[in-house]
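Visitor: Pasting input.cif here (mmCIF, C-alpha atoms):
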data_start
#
loop_
_atom_site.label_atom_id
_atom_site.label_comp_id
_atom_site.auth_asym_id
_atom_site.auth_seq_id
_atom_site.Cartn_x
_atom_site.Cartn_y
_atom_site.Cartn_z
CA MET A 21 -47.95 14.61 59.30
CA ALA A 22 -46.95 11.67 61.41
CA GLY A 23 -48.50 8.24 61.36
CA SER A 24 -48.21 4.84 62.88
CA GLU A 25 -44.51 4.83 61.98
CA ASN A 26 -44.13 6.87 65.17
CA GLY A 27 -45.16 3.82 67.12
CA ILE A 28 -47.94 2.96 69.51
CA ILE A 29 -47.95 4.60 72.94
CA GLU A 30 -49.17 2.39 75.77
CA LEU A 31 -51.43 4.29 78.16
CA TRP A 32 -50.31 2.26 81.17
CA PRO A 33 -46.77 0.98 80.45
CA GLU A 34 -46.80 -1.01 83.69
CA GLY A 35 -50.15 -2.62 82.84
CA ALA A 36 -53.71 -1.35 82.70
CA PRO A 37 -56.00 -1.60 85.73
CA GLY A 38 -58.00 -4.81 85.48
CA ALA A 39 -55.79 -6.26 82.74
CA GLU A 40 -56.21 -10.03 82.43
CA GLY A 41 -53.16 -10.71 80.31
CA SER A 42 -50.23 -9.12 78.51
CA SER A 43 -51.22 -9.32 74.84
CA ASP A 44 -51.90 -6.22 72.74
CA GLU A 45 -55.61 -6.62 73.47
CA ASP A 46 -54.88 -6.30 77.19
CA ARG A 47 -52.78 -3.17 76.73
CA PRO A 48 -54.73 0.00 75.83
CA ALA A 49 -52.77 2.35 73.61
CA ILE A 50 -52.93 5.33 71.29
CA THR A 51 -51.35 5.69 67.85
CA PRO A 52 -50.36 9.32 67.23
CA TYR A 53 -50.90 11.21 64.00
CA LEU A 54 -49.27 14.52 64.84
CA ILE A 55 -49.22 17.73 62.85
CA GLU A 56 -45.67 18.88 62.20
CA GLY A 57 -44.96 21.99 64.23
CA GLY A 58 -48.03 21.36 66.36
CA GLY A 59 -51.58 22.55 65.88
CA LYS A 60 -54.35 23.95 67.99
CA GLY A 61 -56.53 20.98 68.86
CA ALA A 62 -56.34 17.21 68.99
CA VAL A 63 -58.95 14.50 68.53
CA ILE A 64 -58.89 10.98 69.97
CA VAL A 65 -60.55 8.53 67.55
CA CYS A 66 -62.58 5.55 68.81
CA PRO A 67 -63.34 3.03 66.02
CA GLY A 68 -66.55 1.03 66.24
CA GLY A 69 -67.02 -2.72 66.37
CA GLY A 70 -69.81 -3.54 68.80
CA TYR A 71 -67.39 -3.63 71.75
CA GLY A 72 -66.13 -6.87 70.21
CA GLY A 73 -63.50 -5.40 67.88
CA ARG A 74 -62.28 -2.13 66.34
CA ALA A 75 -62.92 -1.41 62.66
CA GLY A 76 -59.82 -0.38 60.75
CA HIS A 77 -61.62 1.96 58.36
CA GLU A 78 -62.88 3.96 61.33
CA GLY A 79 -59.37 4.46 62.71
CA GLU A 80 -56.37 5.50 60.62
CA PRO A 81 -58.34 7.02 57.68
CA ILE A 82 -60.18 9.25 60.15
CA ALA A 83 -56.92 10.36 61.77
CA GLN A 84 -55.50 11.14 58.34
CA TRP A 85 -58.61 13.19 57.44
CA LEU A 86 -58.22 15.17 60.69
CA ASN A 87 -54.58 15.77 59.76
CA THR A 88 -55.67 17.34 56.46
CA LEU A 89 -57.58 19.90 58.51
CA GLY A 90 -54.52 20.67 60.62
CA ILE A 91 -55.67 18.69 63.65
CA SER A 92 -53.46 16.15 65.43
CA ALA A 93 -55.19 12.82 66.02
CA PHE A 94 -54.75 9.72 68.15
CA VAL A 95 -56.40 6.39 67.34
CA LEU A 96 -57.37 4.61 70.54
CA ARG A 97 -56.88 0.88 71.04
CA TYR A 98 -59.42 0.37 73.79
CA ARG A 99 -60.31 -2.94 75.39
CA VAL A 100 -63.20 -4.96 73.98
CA ALA A 101 -64.88 -8.29 74.84
CA PRO A 102 -64.20 -10.34 76.84
CA TYR A 103 -63.51 -7.11 78.74
CA ARG A 104 -66.65 -5.43 79.98
CA TYR A 105 -67.57 -2.13 81.62
CA PRO A 106 -65.70 -0.14 82.87
CA SER A 107 -62.52 -1.17 81.02
CA ALA A 108 -63.14 0.73 77.75
CA LEU A 109 -64.35 3.82 79.63
CA ASN A 110 -61.21 3.74 81.77
CA ASP A 111 -59.16 3.53 78.58
CA VAL A 112 -60.68 6.57 76.86
CA GLN A 113 -60.52 8.59 80.07
CA ARG A 114 -56.85 7.70 80.41
CA ALA A 115 -56.25 8.67 76.76
CA ILE A 116 -57.79 12.11 77.33
CA ARG A 117 -55.65 12.66 80.42
CA TYR A 118 -52.54 11.37 78.63
CA VAL A 119 -52.93 13.67 75.63
CA ARG A 120 -53.70 16.61 77.91
CA HIS A 121 -50.60 15.88 80.01
CA HIS A 122 -48.34 15.76 76.95
CA ALA A 123 -50.06 18.59 75.05
CA GLY A 124 -47.14 20.98 75.50
CA VAL A 125 -44.66 18.49 74.07
CA TRP A 126 -46.87 17.87 71.03
CA GLY A 127 -47.74 21.54 70.44
CA ILE A 128 -51.41 20.96 71.30
CA ASP A 129 -53.74 23.24 73.26
CA ALA A 130 -54.60 21.28 76.43
CA GLY A 131 -58.00 23.00 76.40
CA LYS A 132 -58.87 21.62 72.96
CA ILE A 133 -58.95 17.84 73.34
CA GLY A 134 -61.87 16.20 71.55
CA VAL A 135 -63.07 12.62 71.12
CA LEU A 136 -64.68 11.18 67.95
CA GLY A 137 -66.28 7.77 67.73
CA PHE A 138 -68.23 5.49 65.40
CA SER A 139 -71.03 3.12 66.40
CA ALA A 140 -69.95 1.41 69.65
CA GLY A 141 -66.95 3.75 69.60
CA GLY A 142 -69.57 6.49 69.48
CA HIS A 143 -71.09 5.06 72.63
CA LEU A 144 -67.66 5.13 74.25
CA THR A 145 -67.25 8.74 73.10
CA ALA A 146 -70.66 9.72 74.48
CA ALA A 147 -69.79 7.98 77.75
CA ALA A 148 -66.56 9.99 77.90
CA GLY A 149 -68.64 13.14 77.44
CA THR A 150 -71.13 12.26 80.18
CA SER A 151 -68.92 10.43 82.70
CA TYR A 152 -65.69 12.18 83.66
CA ASP A 153 -63.86 13.73 86.60
CA SER A 154 -61.53 16.65 87.19
CA GLY A 155 -58.53 14.48 88.05
CA ARG A 156 -56.78 13.83 91.35
CA PRO A 157 -54.36 16.64 92.23
CA ASP A 158 -52.55 14.42 94.74
CA ALA A 159 -52.10 11.44 92.37
CA ALA A 160 -48.59 9.97 92.25
CA ASP A 161 -49.01 9.51 88.49
CA PRO A 162 -48.99 13.03 86.96
CA VAL A 163 -51.26 11.87 84.11
CA GLU A 164 -54.02 11.13 86.63
CA ARG A 165 -53.96 14.73 87.88
CA HIS A 166 -55.65 15.92 84.69
CA SER A 167 -59.36 16.16 83.92
CA SER A 168 -60.85 13.42 81.74
CA ARG A 169 -63.57 15.72 80.36
CA PRO A 170 -63.32 16.11 76.57
CA ASP A 171 -63.72 19.66 75.26
CA LEU A 172 -66.08 18.44 72.51
CA ILE A 173 -67.32 15.13 71.13
CA VAL A 174 -68.19 13.87 67.64
CA LEU A 175 -70.67 11.00 67.38
CA CYS A 176 -70.92 9.08 64.10
CA TYR A 177 -73.94 6.74 63.86
CA PRO A 178 -73.43 6.14 67.58
CA VAL A 179 -74.85 3.57 69.91
CA ILE A 180 -76.20 5.79 72.70
CA THR A 181 -78.72 3.85 74.73
CA MET A 182 -78.43 0.47 76.40
CA GLN A 183 -82.22 0.32 76.78
CA ARG A 184 -84.44 -1.63 74.43
CA PRO A 185 -85.88 -1.27 71.83
CA TYR A 186 -83.26 1.09 70.41
CA THR A 187 -80.01 -0.32 71.76
CA HIS A 188 -77.58 -2.37 69.69
CA GLU A 189 -77.85 -5.87 71.12
CA GLY A 190 -74.27 -6.88 70.33
CA SER A 191 -72.85 -3.81 72.06
CA LEU A 192 -75.12 -4.35 75.06
CA LEU A 193 -74.04 -7.98 75.41
CA ASN A 194 -70.32 -7.30 74.96
CA LEU A 195 -70.23 -4.27 77.26
CA LEU A 196 -72.57 -5.28 80.06
CA GLY A 197 -72.97 -9.05 79.75
CA PRO A 198 -76.04 -11.26 79.24
CA ALA A 199 -77.94 -10.19 82.38
CA PRO A 200 -76.86 -6.66 83.31
CA ASP A 201 -78.11 -4.87 86.39
CA GLU A 202 -80.87 -2.38 85.58
CA GLU A 203 -79.00 0.47 87.23
CA LEU A 204 -75.91 -0.26 85.13
CA VAL A 205 -78.07 -0.23 81.99
CA ARG A 206 -79.31 3.23 82.97
CA LEU A 207 -75.81 4.43 83.79
CA MET A 208 -74.55 3.39 80.37
CA SER A 209 -77.56 4.86 78.54
CA CYS A 210 -75.79 8.09 77.71
CA GLU A 211 -78.94 10.04 76.88
CA LEU A 212 -79.91 9.73 80.55
CA GLN A 213 -76.56 11.11 81.74
CA VAL A 214 -76.50 14.44 79.89
CA THR A 215 -76.03 17.54 82.05
CA THR A 216 -75.49 21.24 81.41
CA ASP A 217 -71.74 20.48 81.56
CA THR A 218 -71.79 17.90 78.76
CA PRO A 219 -69.39 19.07 76.00
CA PRO A 220 -70.60 20.53 72.69
CA THR A 221 -71.51 17.69 70.36
CA PHE A 222 -71.60 16.94 66.63
CA LEU A 223 -73.81 14.00 65.61
CA TRP A 224 -74.57 12.33 62.31
CA HIS A 225 -76.61 9.25 61.41
CA THR A 226 -78.60 7.80 58.53
CA SER A 227 -82.33 7.53 59.01
CA ASP A 228 -82.50 3.96 57.66
CA ASP A 229 -79.54 2.57 59.64
CA GLY A 230 -80.48 -1.07 60.06
CA ALA A 231 -78.01 -1.88 62.84
CA VAL A 232 -78.11 1.13 65.18
CA PRO A 233 -81.46 2.95 64.96
CA VAL A 234 -81.35 6.70 64.32
CA GLU A 235 -83.30 7.13 67.57
CA ASN A 236 -79.94 6.82 69.31
CA SER A 237 -78.72 10.11 67.86
CA LEU A 238 -82.15 11.75 68.07
CA GLY A 239 -82.48 10.83 71.74
CA PHE A 240 -79.06 12.18 72.62
CA ALA A 241 -79.70 15.40 70.69
CA SER A 242 -83.00 15.84 72.53
CA ALA A 243 -81.23 15.42 75.85
CA LEU A 244 -78.60 17.98 74.82
CA SER A 245 -81.33 20.40 73.80
CA ARG A 246 -83.10 20.06 77.16
CA ALA A 247 -79.80 20.69 78.95
CA GLY A 248 -78.92 23.72 76.83
CA VAL A 249 -75.78 22.08 75.39
CA PRO A 250 -74.77 23.26 71.88
CA PHE A 251 -75.00 20.56 69.22
CA ASP A 252 -74.99 19.99 65.47
CA LEU A 253 -77.27 17.13 64.32
CA HIS A 254 -77.19 15.76 60.76
CA VAL A 255 -79.46 12.93 59.62
CA TYR A 256 -79.07 11.58 56.09
CA GLU A 257 -81.98 9.86 54.36
CA LYS A 258 -80.19 6.70 53.26
CA GLY A 259 -76.99 4.84 54.03
CA ARG A 260 -75.92 1.56 55.55
CA HIS A 261 -74.37 1.30 58.98
CA GLY A 262 -70.60 1.57 59.25
CA LEU A 263 -69.88 3.93 56.36
CA GLY A 264 -66.89 5.65 57.97
CA LEU A 265 -65.84 8.54 55.72
CA ALA A 266 -68.59 7.33 53.32
CA ASP A 267 -66.47 7.69 50.18
CA GLU A 268 -68.96 5.45 48.38
CA ASP A 269 -71.84 7.89 48.94
CA LYS A 270 -71.23 11.53 47.99
CA HIS A 271 -74.30 12.72 49.86
CA VAL A 272 -73.41 11.11 53.18
CA ALA A 273 -69.71 11.88 52.64
CA SER A 274 -70.53 15.55 53.18
CA TRP A 275 -70.56 14.86 56.93
CA SER A 276 -66.79 15.27 57.09
CA SER A 277 -66.87 18.69 55.42
CA VAL A 278 -69.59 19.92 57.75
CA CYS A 279 -67.84 18.43 60.76
CA GLY A 280 -64.62 20.11 59.71
CA LEU A 281 -66.36 23.49 59.66
CA TRP A 282 -67.82 22.75 63.09
CA LEU A 283 -64.36 21.90 64.46
CA LYS A 284 -63.07 25.17 63.01
CA ARG A 285 -65.84 27.04 64.84
CA TYR A 286 -64.36 25.69 68.07
CA GLU A 287 -60.88 26.74 66.87
CA PHE A 288 -59.44 23.24 66.72
CA TYR A 289 -57.45 24.45 63.71
#
Write the structure described by the file as structure tokens, please.

Guide:
Amino acid sequence: MAGSENGIIELWPEGAPGAEGSSDEDRPAITPYLIEGGGKGAVIVCPGGGYGGRAGHEGEPIAQWLNTLGISAFVLRYRVAPYRYPSALNDVQRAIRYVRHHAGVWGIDAGKIGVLGFSAGGHLTAAAGTSYDSGRPDAADPVERHSSRPDLIVLCYPVITMQRPYTHEGSLLNLLGPAPDEELVRLMSCELQVTTDTPPTFLWHTSDDGAVPVENSLGFASALSRAGVPFDLHVYEKGRHGLGLADEDKHVASWSSVCGLWLKRYEFY
């Protein structure tokens, strides 16, 4: 396994589109956790943090868990407030293209690139799964020639909707600002953007989540069902928001085992 000792890879070495400075927070990047000798699939990890930060326990530990399954992982440093839409979405789309472009070098199947996210990172993951393009074949940058569609997505207690009463107010404010346009709110309410082409999805949530209501996952699952998209939905009775791998709760911690079996079904390892 490889970790952060391999170094951070900037997604736009010459500067990200819309960058407002040159600090780390202005420079989207991925940290690779590669399987020695390569593996089948790869998963890009999007930590949560209300679009105002990125939680450490939802980054490296998740990549290391994926490594134990035999899956290469990349933790995404995406832009957060004061950056607003579409910066973070641009970042995850670029990460998908970047990993796909370099898949051969890393021994990864370019047709098995997934994205996994927690909370607001789950919203970013759902957005990646509902807002993508097939790439620009004539782009001067070869990375931009690749599709940004993930092959599957994993949503962990995700923010899904930007519509009240079920949105997460902090994520809404940080992503769209204090007075967002109604059409933009709809566009970023991922449950309204599901199509028959949305990737297969794994979701888990706790029914008493006090920060991001379970209706976020239920609403997205309902939309997937209506569109005929395969999904696994797991709702646990109790558990606070932000549990990550949930080592403190053996019941909720089972999500990683079940998710691992689901990833195996899609031959990610």

Visitor: Between A:Cys210, A:Gly41, A:His188, A:Lys270, which has the minimum distance to Ala243 in chain A (counting only C-alpha atoms)?

Guide: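 The answer is A:Cys210, which sits nearest to Ala243 in chain A.
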
Visitor: Considering all atoms listed in the file, can you say which of A:Leu253, A:Val135, A:Val163, A:Met182 comes closest to Val278 in chain A?

Guide: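 Ranking A:Leu253, A:Val135, A:Val163, A:Met182 by distance to Val278 in chain A, first place goes to A:Leu253.
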
Visitor: Give me, as a PyMOL selection string, all polymer residues having an atom no more than 10 Å from Gly58 in chain A, counting all atoms listed in the file and skipping those fewer than 5 positions away in the same chain.

Guide: chain A and resi 21+90-92+123-129

Visitor: To test your reading of the syntax: which residues would the PyMOL selection byres ((chain A and resi 132) around 7) return for the file shown? Reply as number ranges by chain.

Guide: A: 61-62, 129-131, 133-134, 171, 288

Visitor: Got a sec: who's within 7 Å of Pro67 in chain A, counting all atoms listed in the file, leaving out chain neighbours fewer than 5 positions off, as a ChimeraX atom specification?

Guide: /A:74-75,78-79,137-138,141

Visitor: For the atom pair CA of Thr181 in chain A and CA of Ala101 in chain A, what is the interatomic distance in Å to one decimal place?

Guide: 18.4 Å

Visitor: Report the residues retrieved by the PyMOL selection byres ((chain A and resi 96) around 7) from the displayed file, expressed as a PyMOL selection string.

Guide: chain A and resi 49-51+64-66+94-95+97-98

Visitor: Between CA of His261 in chain A and CA of Val234 in chain A, what is the distance in Å, rounded to a tenth?

Guide: 10.3 Å

Visitor: Quick one: of A:Ala140, A:Ala159, A:Leu86, A:Ala146, who's nearest to Tyr289 in chain A, counting only C-alpha atoms?

Guide: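 Among the listed residues, A:Leu86 lies closest to Tyr289 in chain A.
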
Visitor: Once the PyMOL selection byres ((chain A and resi 104-109) around 8) is applied to the coordinates I shared, what remains selected? I want it as a list in words.

Guide: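 Applied to this file, the PyMOL selection byres ((chain A and resi 104-109) around 8) selects Gly38, Tyr98, Arg99, Val100, Ala101, Pro102, Tyr103, Asn110, Asp111, Val112, Gln113, Leu144, Ala147, Ala148, Asn194, Leu195, Leu196 and Gly197 of chain A.
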
Visitor: Nearest residue to Gln183 in chain A out of A:Pro170, A:Gly239, A:Gly70, A:Pro162, using only C-alpha atoms?

Guide: A:Gly239

Visitor: Between CA of Gly155 in chain A and CA of Ser168 in chain A, what is the spacing in Å?

Guide: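 Computing it gives 6.8 Å between the two atoms.
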
Visitor: Looking at all atoms listed in the file, which of A:Gln213, A:Thr145, A:Arg165, A:Arg156 is the one that sits closest to Arg120 in chain A?

Guide: A:Arg165

Visitor: Would you mind listing what lies within 12 Å of Thr215 in chain A as a VMD selection string, with all atoms listed in the file counted and same-chain residues fewer than 4 positions away left out?

Guide: chain A and resid 149 to 152 210 to 211 219 to 220 240 242 to 250

Visitor: With distances taken over only C-alpha atoms, which residue among A:Glu203, A:Asp269, A:Asp44, A:Glu164 lies nearest Arg117 in chain A?

Guide: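 Once distances to Arg117 in chain A are computed over only C-alpha atoms, the minimum belongs to A:Glu164.
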
Visitor: Using only C-alpha atoms, determine which residues lie at most 7 Å from His225 in chain A, disregarding the query and same-chain residues fewer than 3 positions distant; provide the list as a ChimeraX atom specification.

Guide: /A:176-177,234,237,254-256

Visitor: The centre and edge lengths of an axis-aligned box containing all atoms of range 162-181 of chain A present in the file, extended by 4 Å on each side, are to be given in Å to one decimal, as lines of an AutoDock Vina configuration file.

Guide:
center_x = -63.9
center_y = 11.6
center_z = 75.9
size_x = 37.7
size_y = 24.1
size_z = 32.0

Visitor: Because some atoms of range 96-107 of chain A are absent here, can you restore all heavy atoms and send them as a CSV table (one decimal), keeping the file's coordinate frame?

Guide:
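Below you can see result.csv, which holds the result:
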chain,number,residue,atom,x,y,z
A,96,LEU,N,-57.4,5.3,69.3
A,96,LEU,CA,-57.4,4.6,70.5
A,96,LEU,C,-57.6,3.1,70.4
A,96,LEU,O,-58.6,2.7,69.7
A,96,LEU,CB,-58.5,5.2,71.4
A,96,LEU,CG,-58.7,4.5,72.8
A,96,LEU,CD1,-57.4,4.6,73.7
A,96,LEU,CD2,-59.9,5.1,73.5
A,97,ARG,N,-56.7,2.3,70.9
A,97,ARG,CA,-56.9,0.9,71.0
A,97,ARG,C,-57.4,0.6,72.4
A,97,ARG,O,-56.7,0.5,73.4
A,97,ARG,CB,-55.6,0.1,70.9
A,97,ARG,CG,-55.7,-1.4,70.9
A,97,ARG,CD,-54.4,-2.1,70.6
A,97,ARG,NE,-53.5,-2.1,71.8
A,97,ARG,CZ,-52.2,-2.2,71.7
A,97,ARG,NH1,-51.6,-2.4,70.5
A,97,ARG,NH2,-51.4,-2.2,72.8
A,98,TYR,N,-58.8,0.6,72.5
A,98,TYR,CA,-59.4,0.4,73.8
A,98,TYR,C,-59.8,-1.1,73.9
A,98,TYR,O,-59.9,-1.8,72.9
A,98,TYR,CB,-60.6,1.3,73.9
A,98,TYR,CG,-61.7,1.1,72.9
A,98,TYR,CD1,-62.8,0.2,73.1
A,98,TYR,CD2,-61.7,1.8,71.7
A,98,TYR,CE1,-63.8,0.0,72.1
A,98,TYR,CE2,-62.7,1.6,70.7
A,98,TYR,CZ,-63.7,0.7,71.0
A,98,TYR,OH,-64.7,0.6,70.0
A,99,ARG,N,-60.0,-1.5,75.1
A,99,ARG,CA,-60.3,-2.9,75.4
A,99,ARG,C,-61.7,-3.3,75.0
A,99,ARG,O,-62.7,-2.5,75.3
A,99,ARG,CB,-60.0,-3.3,76.9
A,99,ARG,CG,-58.5,-3.4,77.2
A,99,ARG,CD,-58.3,-3.5,78.7
A,99,ARG,NE,-58.5,-2.3,79.4
A,99,ARG,CZ,-58.3,-2.1,80.7
A,99,ARG,NH1,-58.0,-3.2,81.4
A,99,ARG,NH2,-58.5,-0.9,81.2
A,100,VAL,N,-61.9,-4.5,74.4
A,100,VAL,CA,-63.2,-5.0,74.0
A,100,VAL,C,-63.4,-6.4,74.6
A,100,VAL,O,-62.5,-6.9,75.3
A,100,VAL,CB,-63.3,-5.0,72.4
A,100,VAL,CG1,-63.2,-3.6,71.9
A,100,VAL,CG2,-62.2,-5.9,71.8
A,101,ALA,N,-64.6,-7.0,74.3
A,101,ALA,CA,-64.9,-8.3,74.8
A,101,ALA,C,-63.7,-9.3,74.6
A,101,ALA,O,-63.1,-9.2,73.6
A,101,ALA,CB,-66.1,-8.8,74.2
A,102,PRO,N,-63.4,-10.0,75.6
A,102,PRO,CA,-64.2,-10.3,76.8
A,102,PRO,C,-64.2,-9.3,77.9
A,102,PRO,O,-64.8,-9.5,79.0
A,102,PRO,CB,-63.6,-11.7,77.3
A,102,PRO,CG,-62.2,-11.6,76.9
A,102,PRO,CD,-62.2,-10.9,75.6
A,103,TYR,N,-63.4,-8.2,77.8
A,103,TYR,CA,-63.5,-7.1,78.7
A,103,TYR,C,-64.9,-6.5,78.7
A,103,TYR,O,-65.5,-6.3,77.6
A,103,TYR,CB,-62.4,-6.0,78.5
A,103,TYR,CG,-61.0,-6.5,78.8
A,103,TYR,CD1,-60.2,-7.0,77.9
A,103,TYR,CD2,-60.6,-6.4,80.1
A,103,TYR,CE1,-58.9,-7.4,78.2
A,103,TYR,CE2,-59.3,-6.8,80.5
A,103,TYR,CZ,-58.5,-7.3,79.5
A,103,TYR,OH,-57.2,-7.7,79.9
A,104,ARG,N,-65.4,-6.1,79.9
A,104,ARG,CA,-66.6,-5.4,80.0
A,104,ARG,C,-66.5,-4.1,80.7
A,104,ARG,O,-65.4,-3.7,81.1
A,104,ARG,CB,-67.7,-6.3,80.7
A,104,ARG,CG,-68.0,-7.6,80.0
A,104,ARG,CD,-69.0,-8.4,80.7
A,104,ARG,NE,-69.3,-9.7,80.0
A,104,ARG,CZ,-69.9,-10.7,80.5
A,104,ARG,NH1,-70.2,-10.7,81.8
A,104,ARG,NH2,-70.2,-11.8,79.8
A,105,TYR,N,-67.6,-3.4,80.9
A,105,TYR,CA,-67.6,-2.1,81.6
A,105,TYR,C,-66.9,-2.4,83.0
A,105,TYR,O,-67.2,-3.4,83.6
A,105,TYR,CB,-69.0,-1.7,81.8
A,105,TYR,CG,-69.1,-0.5,82.8
A,105,TYR,CD1,-69.0,0.8,82.3
A,105,TYR,CD2,-69.4,-0.7,84.2
A,105,TYR,CE1,-69.1,1.9,83.2
A,105,TYR,CE2,-69.5,0.4,85.0
A,105,TYR,CZ,-69.3,1.6,84.6
A,105,TYR,OH,-69.4,2.7,85.4
A,106,PRO,N,-66.0,-1.5,83.4
A,106,PRO,CA,-65.7,-0.1,82.9
A,106,PRO,C,-64.4,-0.1,82.1
A,106,PRO,O,-63.8,1.0,82.0
A,106,PRO,CB,-65.6,0.7,84.1
A,106,PRO,CG,-65.0,-0.2,85.1
A,106,PRO,CD,-65.5,-1.6,84.8
A,107,SER,N,-63.9,-1.2,81.6
A,107,SER,CA,-62.5,-1.2,81.0
A,107,SER,C,-62.4,-0.1,79.9
A,107,SER,O,-61.4,0.7,79.9
A,107,SER,CB,-62.2,-2.6,80.5
A,107,SER,OG,-62.0,-3.5,81.6
